[in-house]
file upload.cif (mmCIF, C-alpha atoms and all ligand atoms)
data_query
loop_
_atom_site.label_atom_id
_atom_site.label_comp_id
_atom_site.auth_asym_id
_atom_site.auth_seq_id
_atom_site.Cartn_x
_atom_site.Cartn_y
_atom_site.Cartn_z
CA MET A 17 53.99 206.05 136.52
CA HIS A 18 52.29 206.00 139.89
CA ASN A 19 51.35 202.85 141.74
CA SER A 20 47.78 204.13 141.56
CA ASN A 21 47.76 203.47 137.80
CA ILE A 22 48.19 199.76 138.36
CA PHE A 23 45.25 197.64 139.44
CA TYR A 24 45.62 194.11 140.74
CA GLY A 25 43.19 191.18 140.40
CA ASP A 26 39.70 190.75 138.85
CA VAL A 27 40.45 192.19 135.44
CA ALA A 28 36.87 192.00 134.10
CA MET A 29 35.51 194.11 136.94
CA GLN A 30 38.40 196.58 136.90
CA LEU A 31 38.01 197.09 133.16
CA LYS A 32 34.25 197.53 133.40
CA ASN A 33 34.69 200.22 136.07
CA PHE A 34 37.41 201.97 134.12
CA LEU A 35 35.33 202.12 130.94
CA ALA A 36 32.29 203.35 132.90
CA GLU A 37 34.32 206.19 134.43
CA ASN A 38 35.82 207.31 131.11
CA SER A 39 33.91 208.19 128.00
CA TYR A 40 35.83 206.84 125.04
CA SER A 41 34.35 207.18 121.58
CA GLN A 42 35.51 203.66 120.62
CA VAL A 43 37.37 200.87 122.37
CA PHE A 44 39.90 198.88 120.35
CA VAL A 45 41.60 195.77 121.65
CA LEU A 46 44.89 194.55 120.17
CA VAL A 47 45.33 190.77 120.34
CA ASP A 48 47.26 187.97 118.66
CA GLU A 49 45.76 184.57 117.85
CA ASN A 50 46.68 183.20 121.31
CA THR A 51 45.47 186.08 123.40
CA GLN A 52 42.29 186.24 121.34
CA GLN A 53 41.61 182.61 122.16
CA PHE A 54 42.79 182.42 125.78
CA CYS A 55 42.58 185.94 127.19
CA LEU A 56 39.85 187.92 125.43
CA PRO A 57 37.02 185.76 126.89
CA LYS A 58 38.32 186.65 130.38
CA LEU A 59 37.59 190.36 129.86
CA GLY A 60 33.83 189.93 130.02
CA ASN A 61 31.21 191.46 127.83
CA VAL A 62 32.69 194.63 126.34
CA ASN A 63 31.88 196.25 123.03
CA PHE A 64 35.35 196.03 121.46
CA GLN A 65 36.67 196.53 117.99
CA ILE A 66 39.16 193.68 117.75
CA ILE A 67 42.46 194.23 115.94
CA LYS A 68 44.34 190.97 115.54
CA ILE A 69 47.99 190.62 114.60
CA GLU A 70 50.13 187.50 114.33
CA SER A 71 52.02 186.40 117.44
CA GLY A 72 55.79 186.42 117.70
CA GLU A 73 58.76 188.76 117.89
CA LYS A 74 59.15 188.72 114.11
CA HIS A 75 55.89 190.65 113.84
CA LYS A 76 57.01 193.44 116.19
CA ASN A 77 57.81 195.58 113.18
CA LEU A 78 56.78 198.53 111.09
CA GLN A 79 54.53 196.51 108.75
CA THR A 80 52.42 195.44 111.71
CA CYS A 81 52.20 199.05 112.89
CA GLU A 82 50.99 200.09 109.45
CA PHE A 83 48.38 197.37 109.58
CA VAL A 84 47.09 198.59 112.97
CA TRP A 85 47.09 202.26 111.90
CA LYS A 86 45.07 201.31 108.79
CA GLU A 87 42.62 199.41 110.98
CA PHE A 88 42.23 202.57 113.10
CA ILE A 89 41.57 204.64 109.99
CA HIS A 90 39.08 202.12 108.50
CA ASN A 91 37.18 202.11 111.77
CA LYS A 92 37.29 205.90 112.07
CA ALA A 93 39.25 205.95 115.32
CA ASP A 94 39.46 209.52 116.63
CA ARG A 95 41.50 211.24 119.37
CA SER A 96 39.12 209.98 122.04
CA SER A 97 39.49 206.33 121.14
CA LEU A 98 41.13 203.86 123.48
CA LEU A 99 43.48 201.00 122.65
CA ILE A 100 43.66 198.04 125.02
CA ASN A 101 46.85 196.02 124.60
CA LEU A 102 45.97 192.47 125.56
CA GLY A 103 48.99 190.23 125.33
CA GLY A 104 52.64 189.62 126.03
CA GLY A 105 55.49 192.08 125.61
CA VAL A 106 55.21 192.10 121.83
CA ILE A 107 51.63 193.40 122.05
CA THR A 108 52.32 195.89 124.87
CA ASP A 109 55.49 197.25 123.19
CA LEU A 110 53.93 197.56 119.73
CA GLY A 111 50.47 198.61 120.92
CA GLY A 112 51.87 201.34 123.17
CA PHE A 113 53.96 202.66 120.28
CA VAL A 114 51.15 202.55 117.72
CA ALA A 115 48.69 204.32 120.05
CA SER A 116 51.24 206.99 121.02
CA CYS A 117 51.84 207.95 117.38
CA TYR A 118 48.29 207.72 116.01
CA LYS A 119 46.94 211.28 115.63
CA ARG A 120 49.77 212.39 117.98
CA GLY A 121 48.63 209.99 120.65
CA ILE A 122 45.50 208.28 121.88
CA ASP A 123 45.02 206.69 125.31
CA PHE A 124 46.10 203.12 125.73
CA ILE A 125 45.98 200.63 128.56
CA HIS A 126 47.99 197.48 129.10
CA ILE A 127 46.56 194.15 130.12
CA PRO A 128 49.70 192.01 130.17
CA THR A 129 49.01 188.29 129.76
CA THR A 130 52.48 186.76 130.09
CA LEU A 131 54.48 186.82 133.31
CA LEU A 132 57.27 188.67 131.50
CA ALA A 133 54.89 191.39 130.36
CA MET A 134 53.33 191.67 133.85
CA VAL A 135 56.56 192.17 135.77
CA ASP A 136 58.60 193.89 133.09
CA ALA A 137 57.46 194.83 129.57
CA SER A 138 54.24 196.63 130.53
CA ILE A 139 55.91 198.55 133.37
CA GLY A 140 58.06 201.63 132.94
CA GLY A 141 56.74 203.30 129.81
CA LYS A 142 59.12 201.95 127.17
CA THR A 143 57.33 201.19 123.91
CA GLY A 144 58.68 200.32 120.50
CA ILE A 145 59.36 197.96 117.63
CA ASP A 146 62.29 196.15 116.04
CA PHE A 147 63.79 197.79 112.94
CA HIS A 148 66.70 197.15 110.60
CA PHE A 149 67.66 193.85 112.32
CA GLU A 150 67.91 195.50 115.73
CA LYS A 151 65.57 194.98 118.64
CA ASN A 152 63.62 198.00 119.94
CA MET A 153 65.32 200.33 117.46
CA ILE A 154 62.33 202.66 117.01
CA GLY A 155 60.12 203.67 119.90
CA LEU A 156 59.33 206.16 122.59
CA PHE A 157 58.71 206.55 126.29
CA SER A 158 54.96 206.66 126.74
CA GLU A 159 52.90 205.69 129.77
CA ALA A 160 49.80 203.53 129.69
CA LYS A 161 46.75 205.21 131.21
CA VAL A 162 46.31 202.18 133.48
CA ILE A 163 47.69 198.67 133.74
CA PHE A 164 45.63 195.71 134.94
CA ILE A 165 47.52 192.82 136.47
CA ASP A 166 45.61 189.58 136.88
CA PRO A 167 47.33 186.20 137.32
CA ILE A 168 44.25 184.53 135.81
CA PHE A 169 46.05 184.80 132.44
CA LEU A 170 48.97 182.68 133.67
CA GLU A 171 46.71 179.58 133.68
CA THR A 172 47.20 179.08 129.94
CA LEU A 173 50.96 179.75 129.82
CA ASP A 174 53.37 176.83 129.64
CA ALA A 175 56.25 176.26 132.09
CA ARG A 176 58.82 177.72 129.69
CA GLN A 177 56.92 181.01 129.48
CA ILE A 178 56.55 181.13 133.28
CA LYS A 179 60.31 180.65 133.70
CA ASN A 180 60.87 183.32 131.06
CA GLY A 181 59.09 185.91 133.21
CA LYS A 182 60.55 184.49 136.41
CA ALA A 183 64.01 185.44 135.11
CA GLU A 184 63.09 189.14 135.36
CA MET A 185 61.63 188.63 138.84
CA LEU A 186 64.85 186.95 139.99
CA LYS A 187 66.75 189.88 138.47
CA HIS A 188 64.64 192.36 140.46
CA GLY A 189 65.50 190.41 143.60
CA LEU A 190 69.20 190.22 142.81
CA ILE A 191 69.56 193.96 142.20
CA ALA A 192 67.20 195.25 144.89
CA SER A 193 65.86 192.74 147.43
CA LYS A 194 67.34 189.54 148.83
CA GLU A 195 63.97 188.63 150.32
CA HIS A 196 62.22 188.90 146.94
CA TYR A 197 64.95 186.83 145.30
CA GLN A 198 64.53 184.04 147.83
CA LYS A 199 60.73 184.01 147.54
CA CYS A 200 60.99 183.78 143.76
CA LEU A 201 63.40 180.86 144.00
CA GLN A 202 61.08 178.92 146.27
CA SER A 203 57.81 179.13 144.35
CA PHE A 204 57.28 178.04 140.75
CA LEU A 205 54.06 179.85 139.88
CA PRO A 206 54.30 183.25 141.54
CA SER A 207 51.46 184.55 143.67
CA LEU A 208 49.78 187.89 142.98
CA GLU A 209 51.70 189.30 145.98
CA GLU A 210 55.03 188.22 144.51
CA ILE A 211 54.12 189.70 141.14
CA GLN A 212 53.11 192.95 142.83
CA GLU A 213 56.35 193.03 144.83
CA SER A 214 58.40 192.57 141.65
CA ILE A 215 56.48 195.34 139.87
CA GLU A 216 57.00 197.66 142.82
CA ILE A 217 60.75 197.09 142.73
CA LYS A 218 60.82 198.05 139.06
CA LEU A 219 58.48 201.03 139.60
CA HIS A 220 60.59 202.33 142.43
CA ILE A 221 63.76 202.19 140.34
CA VAL A 222 62.08 203.73 137.27
CA ALA A 223 60.54 206.54 139.35
CA SER A 224 63.95 207.50 140.74
CA ASP A 225 65.46 207.66 137.24
CA PRO A 226 62.87 207.69 134.43
CA LYS A 227 65.32 208.42 131.58
CA GLU A 228 67.97 205.87 132.59
CA LYS A 229 70.77 208.22 133.57
CA GLY A 230 71.75 206.31 136.70
CA ILE A 231 70.10 203.69 138.90
CA ARG A 232 67.64 202.56 136.19
CA LYS A 233 70.69 201.01 134.52
CA THR A 234 70.66 198.32 137.22
CA LEU A 235 67.55 196.92 135.53
CA ASN A 236 69.92 196.01 132.70
CA PHE A 237 71.71 193.55 134.98
CA GLY A 238 72.51 190.48 132.84
CA HIS A 239 71.29 192.29 129.73
CA THR A 240 74.54 193.41 128.08
CA LEU A 241 75.70 189.87 127.37
CA GLY A 242 72.18 188.42 127.51
CA HIS A 243 71.04 190.72 124.74
CA ALA A 244 74.14 189.95 122.66
CA LEU A 245 73.46 186.22 123.11
CA GLU A 246 69.83 186.73 122.07
CA THR A 247 70.88 188.64 118.94
CA CYS A 248 73.51 186.04 118.05
CA PHE A 249 71.10 183.09 118.44
CA LEU A 250 68.38 184.89 116.47
CA LYS A 251 70.83 185.54 113.62
CA ASN A 252 71.84 181.86 113.63
CA GLY A 253 68.22 180.74 113.59
CA LYS A 254 68.36 179.29 117.13
CA VAL A 255 65.42 179.76 119.46
CA ILE A 256 66.06 181.40 122.80
CA LEU A 257 63.59 183.35 124.91
CA HIS A 258 64.54 186.71 126.35
CA GLY A 259 64.45 185.45 129.95
CA GLU A 260 66.62 182.45 129.09
CA ALA A 261 69.22 184.68 127.47
CA ILE A 262 69.33 187.10 130.38
CA VAL A 263 69.75 184.28 132.89
CA GLN A 264 72.94 183.34 131.03
CA GLY A 265 73.82 187.05 130.99
CA MET A 266 73.29 187.19 134.76
CA ILE A 267 75.48 184.11 135.27
CA TRP A 268 78.27 185.88 133.38
CA ALA A 269 77.69 189.14 135.25
CA ILE A 270 77.82 187.30 138.59
CA THR A 271 81.16 185.71 137.63
CA LEU A 272 82.45 189.12 136.61
CA SER A 273 81.25 190.60 139.92
CA SER A 274 83.36 188.12 141.87
CA LYS A 275 86.35 188.33 139.47
CA LEU A 276 86.42 192.10 140.01
CA HIS A 277 86.20 191.47 143.79
CA TYR A 278 82.85 193.16 144.33
CA LEU A 279 80.99 189.96 145.26
CA GLU A 280 82.21 187.14 147.52
CA GLU A 281 83.15 184.09 145.47
CA GLN A 282 81.11 181.75 147.67
CA ILE A 283 77.94 183.80 147.11
CA ALA A 284 78.63 183.93 143.38
CA THR A 285 78.93 180.14 143.25
CA THR A 286 75.65 179.63 145.12
CA LEU A 287 73.81 182.11 142.91
CA LYS A 288 75.01 180.42 139.76
CA GLN A 289 73.96 177.03 141.12
CA ASP A 290 70.48 178.42 141.90
CA LEU A 291 70.07 179.69 138.34
CA VAL A 292 71.43 176.58 136.63
CA ALA A 293 69.13 174.40 138.77
CA ILE A 294 66.09 176.15 137.25
CA TYR A 295 67.27 176.99 133.76
CA GLY A 296 69.90 174.34 132.95
CA LYS A 297 72.98 175.17 130.89
CA ILE A 298 72.84 176.65 127.43
CA SER A 299 75.25 175.24 124.88
CA ILE A 300 77.13 178.01 123.12
CA SER A 301 79.82 177.26 120.53
CA SER A 302 83.19 179.02 120.47
CA THR A 303 82.20 180.75 117.22
CA GLU A 304 79.11 182.09 118.96
CA ILE A 305 81.21 183.27 121.91
CA ASN A 306 83.32 185.29 119.47
CA GLU A 307 80.19 186.70 117.84
CA ILE A 308 78.83 187.76 121.24
CA LEU A 309 82.08 189.43 122.17
CA ALA A 310 82.31 191.20 118.81
CA HIS A 311 78.71 192.34 119.15
CA ILE A 312 79.18 194.12 122.47
CA LEU A 313 82.58 195.56 121.64
CA ASN A 314 81.57 196.82 118.18
CA ASP A 315 78.47 198.47 119.54
CA LYS A 316 80.57 200.47 121.92
CA LYS A 317 83.37 201.21 119.45
CA ASN A 318 80.79 202.86 117.26
CA GLU A 319 79.81 205.07 120.17
CA LYS A 320 83.50 205.61 121.05
CA ALA A 321 82.68 204.44 124.56
CA LYS A 322 83.60 201.57 126.84
CA VAL A 323 81.24 198.78 127.79
CA GLN A 324 79.73 199.61 131.16
CA TRP A 325 78.63 196.76 133.39
CA VAL A 326 76.10 196.31 136.11
CA ILE A 327 77.59 194.09 138.80
CA LEU A 328 76.44 192.75 142.17
CA GLU A 329 78.00 193.66 145.48
CA GLU A 330 75.68 191.41 147.42
CA ILE A 331 72.26 189.83 146.88
CA GLY A 332 69.92 192.81 146.60
CA LYS A 333 72.61 195.40 145.88
CA ALA A 334 73.92 196.33 142.43
CA LYS A 335 76.43 198.87 141.12
CA TRP A 336 76.38 200.36 137.63
CA ASN A 337 78.82 202.07 135.22
CA ILE A 338 81.56 199.54 136.00
CA VAL A 339 84.30 199.42 133.38
CA CYS A 340 86.67 196.48 133.04
CA LYS A 341 89.42 195.23 130.72
CA GLU A 342 88.46 193.60 127.42
CA GLU A 343 90.49 190.51 128.40
CA ASP A 344 88.39 190.07 131.53
CA VAL A 345 85.28 189.80 129.38
CA SER A 346 86.78 187.37 126.88
CA THR A 347 88.12 185.15 129.70
CA LEU A 348 84.70 185.30 131.28
CA LEU A 349 82.95 184.11 128.15
CA SER A 350 85.42 181.33 127.51
CA THR A 351 84.81 179.84 130.97
CA VAL A 352 81.13 178.99 130.45
N1 LIG A 401 59.16 197.63 127.18
C1 LIG A 401 59.93 197.02 128.04
O1 LIG A 401 60.39 197.60 129.02
C2 LIG A 401 60.23 195.56 127.81
C3 LIG A 401 60.85 194.82 128.84
C4 LIG A 401 61.06 193.46 128.62
C5 LIG A 401 60.69 192.86 127.41
N2 LIG A 401 60.12 193.61 126.44
C6 LIG A 401 59.70 193.02 125.17
O2 LIG A 401 58.73 192.01 125.42
C7 LIG A 401 58.75 191.07 124.36
C8 LIG A 401 58.65 189.67 124.93
O3 LIG A 401 57.46 189.55 125.65
P1 LIG A 401 56.80 188.12 125.95
O4 LIG A 401 57.81 187.21 126.51
O5 LIG A 401 55.57 188.38 126.71
O6 LIG A 401 56.52 187.54 124.48
P2 LIG A 401 55.24 187.51 123.52
O7 LIG A 401 54.49 188.75 123.57
O8 LIG A 401 55.78 187.07 122.21
O9 LIG A 401 54.35 186.34 124.15
C9 LIG A 401 54.84 185.01 124.16
C10 LIG A 401 53.83 184.03 123.55
O10 LIG A 401 52.80 183.79 124.50
C11 LIG A 401 51.51 183.94 123.87
N3 LIG A 401 50.62 184.33 124.96
C12 LIG A 401 50.51 185.55 125.53
N4 LIG A 401 49.69 185.48 126.59
C13 LIG A 401 49.25 184.21 126.67
C14 LIG A 401 48.39 183.52 127.58
N5 LIG A 401 47.87 184.14 128.64
N6 LIG A 401 48.15 182.21 127.36
C15 LIG A 401 48.73 181.57 126.32
N7 LIG A 401 49.58 182.16 125.45
C16 LIG A 401 49.82 183.47 125.63
C17 LIG A 401 51.74 184.95 122.78
O11 LIG A 401 50.77 184.84 121.78
C18 LIG A 401 53.14 184.54 122.29
O12 LIG A 401 53.04 183.45 121.40
C19 LIG A 401 60.01 191.33 123.57
O13 LIG A 401 59.68 191.95 122.35
C20 LIG A 401 60.79 192.29 124.45
O14 LIG A 401 61.61 193.17 123.69
C21 LIG A 401 59.87 194.95 126.64
ZN ZN A 402 64.72 191.94 130.16
#

call {"tool": "encode", "arguments": {"input": "upload.cif", "output": "structure tokens"}}
result
Amino acid sequence: MHNSNIFYGDVAMQLKNFLAENSYSQVFVLVDENTQQFCLPKLGNVNFQIIKIESGEKHKNLQTCEFVWKEFIHNKADRSSLLINLGGGVITDLGGFVASCYKRGIDFIHIPTTLLAMVDASIGGKTGIDFHFEKNMIGLFSEAKVIFIDPIFLETLDARQIKNGKAEMLKHGLIASKEHYQKCLQSFLPSLEEIQESIEIKLHIVASDPKEKGIRKTLNFGHTLGHALETCFLKNGKVILHGEAIVQGMIWAITLSSKLHYLEEQIATTLKQDLVAIYGKISISSTEINEILAHILNDKKNEKAKVQWVILEEIGKAKWNIVCKEEDVSTLLSTV
């Protein structure tokens, strides 16, 4: 993914130019009921074939893919068709996957409409769906032809969704740039420049390690425990957004970083205060703590490997492949 594949601002004009420069046989746009209502009108007057799916993570599955593939077939989509993914991370993940498999791959572009999709899900070429009760179980690395980033879509997102995406921006700052972290803390609604800066941090990391053998692992900061918390809450029917779960994961990872003497305790305390001031505290029962612990340890036992952590050495500097004792993790979780 080159920076030149990402265009910032005025989405309607950018899209018009892109379609004029490329001759696609048909243009499909994948939406859900919200992005159809709030985002589609912002794309201007384009001759689309609309494919609408239901919103929500529970629809990021194989049945929805089948539905989209059948829509392609009914509308005689050929190898020179284009799919525009207009939506949050569910749409960009599923749409990228569906397009990459249809007739061995048709072009797709992302127009992310949530902050999380702008700074994270649409960037880096990971596509996929949930399968067999596991998130992102089936999928592939596949790059969008272009990505259009326009903060105009943020106007219709509520504060919770903004904070959800902000969590990934704060993460980018914590692992790679103190300056970016501090800017993100200060503003509520990020500017286009801040969004661009966050994307560039992710792009830079992905470009140095596309297949996640080394430094790309730092993007998983807060995600080992955050993802386990997400899975545990989903199983128990409790609602938690991805960003909210990874903030808690980052709080744990920050504590671990200071416990293992990589990060100064004073800095760790300040960072945790910053995060709690924005996100509040999540209440997690002791049964859930045990479930979270079991989840991460079992995963690794199956792979006959040890859990590897991403920790902070300072604000803007992360280390990966850190192994620690099981007791350290259980103490960590019990001191929420
Ligand atoms: N591929 C990756 O690298 C990557 C990275 C991070 C997250 N993800 C995936 O992203 C998904 C989460 O993405 P998300 O948080 O964007 O969730 P989402 O796609 O479910 O969108 C959240 C909600 O906002 C609505 N919405 C979208 N744009 C809107 C707008 N402009 N105005 C009003 N409502 C709007 C949607 O309809 C939905 O109800 C997860 O499935 C996660 O696994 C992927
Ligand atoms: Zn994430």

call {"tool": "residues_near_ligand", "arguments": {"input": "upload.cif", "ligand": "ligand LIG 401 (chain A)", "cutoff": "7 Å", "atoms": "all atoms listed in the file", "output": "PyMOL selection string"}}
result
chain A and resi 48-51+54-55+71-73+76+103-107+109+129-133+136-143+151-152+169-173+177+180-181+258

call {"tool": "residues_around", "arguments": {"input": "upload.cif", "residues": "range 239-256 of chain A", "least_positions_apart": "2", "cutoff": "10 Å", "atoms": "only C-alpha atoms", "output": "ChimeraX atom specification"}}
result
/A:149-151,180,233-237,258-269,298,300,304-312,323-326,345,349

call {"tool": "closest_residue", "arguments": {"input": "upload.cif", "among": "A:Leu56, A:Val43, A:Ile67, A:Ile163", "to": "Ile122 in chain A", "atoms": "only C-alpha atoms"}}
result
A:Val43

call {"tool": "closest_residue", "arguments": {"input": "upload.cif", "among": "A:Leu186, A:Phe64, A:Ser158, A:Lys86", "to": "ligand ZN 402 (chain A)", "atoms": "all atoms listed in the file"}}
result
A:Leu186

call {"tool": "residues_around", "arguments": {"input": "upload.cif", "residues": "Leu208 in chain A", "least_positions_apart": "6", "cutoff": "8 Å", "atoms": "all atoms listed in the file", "output": "ChimeraX atom specification"}}
result
/A:24-25,166-167

call {"tool": "write_last_selection", "arguments": {"input": "upload.cif", "atoms": "C-alpha atoms", "output": "PDB file, keeping the file's coordinate frame"}}
result
ATOM      1  CA  TYR A  24      45.620 194.110 140.740  1.00  0.00           C
ATOM      2  CA  GLY A  25      43.190 191.180 140.400  1.00  0.00           C
ATOM      3  CA  ASP A 166      45.610 189.580 136.880  1.00  0.00           C
ATOM      4  CA  PRO A 167      47.330 186.200 137.320  1.00  0.00           C
TER       5      PRO A 167
END

call {"tool": "closest_residue", "arguments": {"input": "upload.cif", "among": "A:Met134, A:Ala334, A:Leu98, A:Val114", "to": "Ile168 in chain A", "atoms": "all atoms listed in the file"}}
result
A:Met134

call {"tool": "residues_around", "arguments": {"input": "upload.cif", "residues": "range 283-297 of chain A", "least_positions_apart": "2", "cutoff": "6 Å", "atoms": "all atoms listed in the file", "output": "number ranges by chain"}}
result
A: 267, 270, 280-281

call {"tool": "write_last_selection", "arguments": {"input": "upload.cif", "atoms": "C-alpha atoms", "output": "tab-separated table (two decimals), in the frame of the given file"}}
result
chain	number	residue	atom	x	y	z
A	267	ILE	CA	75.48	184.11	135.27
A	270	ILE	CA	77.82	187.30	138.59
A	280	GLU	CA	82.21	187.14	147.52
A	281	GLU	CA	83.15	184.09	145.47

call {"tool": "closest_residue", "arguments": {"input": "upload.cif", "among": "A:Ser193, A:Lys322, A:Gly230, A:Lys182", "to": "ligand ZN 402 (chain A)", "atoms": "only C-alpha atoms and all ligand atoms"}}
result
A:Lys182

call {"tool": "closest_residue", "arguments": {"input": "upload.cif", "among": "A:Ala183, A:Leu205, A:Leu272, A:Ile215", "to": "ligand ZN 402 (chain A)", "atoms": "all atoms listed in the file"}}
result
A:Ala183

call {"tool": "closest_residue", "arguments": {"input": "upload.cif", "among": "A:Lys199, A:Lys194, A:Lys187, A:Lys227", "to": "ligand ZN 402 (chain A)", "atoms": "all atoms listed in the file"}}
result
A:Lys187

call {"tool": "residues_around", "arguments": {"input": "upload.cif", "residues": "range 160-162 of chain A", "least_positions_apart": "2", "cutoff": "8 Å", "atoms": "all atoms listed in the file", "output": "VMD selection string"}}
result
chain A and resid 21 to 23 112 123 to 126 141 158 164

call {"tool": "atom_distance", "arguments": {"input": "upload.cif", "atom1": "CA of Gln65 in chain A", "atom2": "CA of Arg95 in chain A"}}
result
15.5 Å

call {"tool": "atom_distance", "arguments": {"input": "upload.cif", "atom1": "CA of Phe88 in chain A", "atom2": "CA of Met29 in chain A"}}
result
26.2 Å

call {"tool": "atom_distance", "arguments": {"input": "upload.cif", "atom1": "CA of Ser224 in chain A", "atom2": "CA of Ala115 in chain A"}}
result
25.9 Å

call {"tool": "residues_around", "arguments": {"input": "upload.cif", "residues": "Ala192 in chain A", "least_positions_apart": "2", "cutoff": "7 Å", "atoms": "all atoms listed in the file", "output": "list in words"}}
result
His188, Gly189, Leu190, Lys194, Gly332 and Lys333 of chain A

call {"tool": "build_atoms", "arguments": {"input": "upload.cif", "residues": "range 272-287 of chain A", "atoms": "N, CA, C and O atoms", "output": "compact mmCIF listing (two decimals), keeping the file's coordinate frame"}}
result
# COMPACT_ATOMS: atom_id res chain seq x y z
N LEU A 272 81.66 187.89 136.73
CA LEU A 272 82.45 189.12 136.61
C LEU A 272 82.47 189.88 137.95
O LEU A 272 83.53 190.38 138.37
N SER A 273 81.33 189.91 138.62
CA SER A 273 81.25 190.60 139.92
C SER A 273 82.25 190.02 140.92
O SER A 273 82.86 190.76 141.68
N SER A 274 82.41 188.69 140.91
CA SER A 274 83.36 188.12 141.87
C SER A 274 84.81 188.27 141.36
O SER A 274 85.72 188.53 142.13
N LYS A 275 85.00 188.14 140.03
CA LYS A 275 86.35 188.33 139.47
C LYS A 275 86.89 189.73 139.78
O LYS A 275 88.08 189.93 140.01
N LEU A 276 85.99 190.72 139.75
CA LEU A 276 86.42 192.10 140.01
C LEU A 276 86.40 192.42 141.51
O LEU A 276 86.53 193.57 141.92
N HIS A 277 86.17 191.37 142.32
CA HIS A 277 86.20 191.47 143.79
C HIS A 277 85.11 192.37 144.39
O HIS A 277 85.32 192.98 145.43
N TYR A 278 83.97 192.44 143.73
CA TYR A 278 82.85 193.16 144.33
C TYR A 278 81.98 192.19 145.14
O TYR A 278 81.41 192.55 146.14
N LEU A 279 81.89 190.94 144.64
CA LEU A 279 80.99 189.96 145.26
C LEU A 279 81.82 188.78 145.77
O LEU A 279 82.74 188.31 145.07
N GLU A 280 81.49 188.30 146.96
CA GLU A 280 82.21 187.14 147.52
C GLU A 280 82.06 185.94 146.59
O GLU A 280 80.95 185.65 146.13
N GLU A 281 83.16 185.21 146.40
CA GLU A 281 83.15 184.09 145.47
C GLU A 281 82.13 183.01 145.86
O GLU A 281 81.45 182.44 145.01
N GLN A 282 82.04 182.78 147.17
CA GLN A 282 81.11 181.75 147.67
C GLN A 282 79.66 182.09 147.31
O GLN A 282 78.89 181.24 146.87
N ILE A 283 79.31 183.37 147.45
CA ILE A 283 77.94 183.80 147.11
C ILE A 283 77.72 183.66 145.61
O ILE A 283 76.69 183.17 145.15
N ALA A 284 78.74 184.04 144.84
CA ALA A 284 78.63 183.93 143.38
C ALA A 284 78.37 182.48 142.98
O ALA A 284 77.50 182.20 142.14
N THR A 285 79.09 181.56 143.59
CA THR A 285 78.93 180.14 143.25
C THR A 285 77.51 179.67 143.57
O THR A 285 76.86 179.01 142.75
N THR A 286 77.01 180.05 144.74
CA THR A 286 75.65 179.63 145.12
C THR A 286 74.61 180.21 144.16
O THR A 286 73.70 179.51 143.72
N LEU A 287 74.77 181.48 143.82
CA LEU A 287 73.81 182.11 142.91
C LEU A 287 73.78 181.39 141.56
O LEU A 287 72.71 181.14 141.00
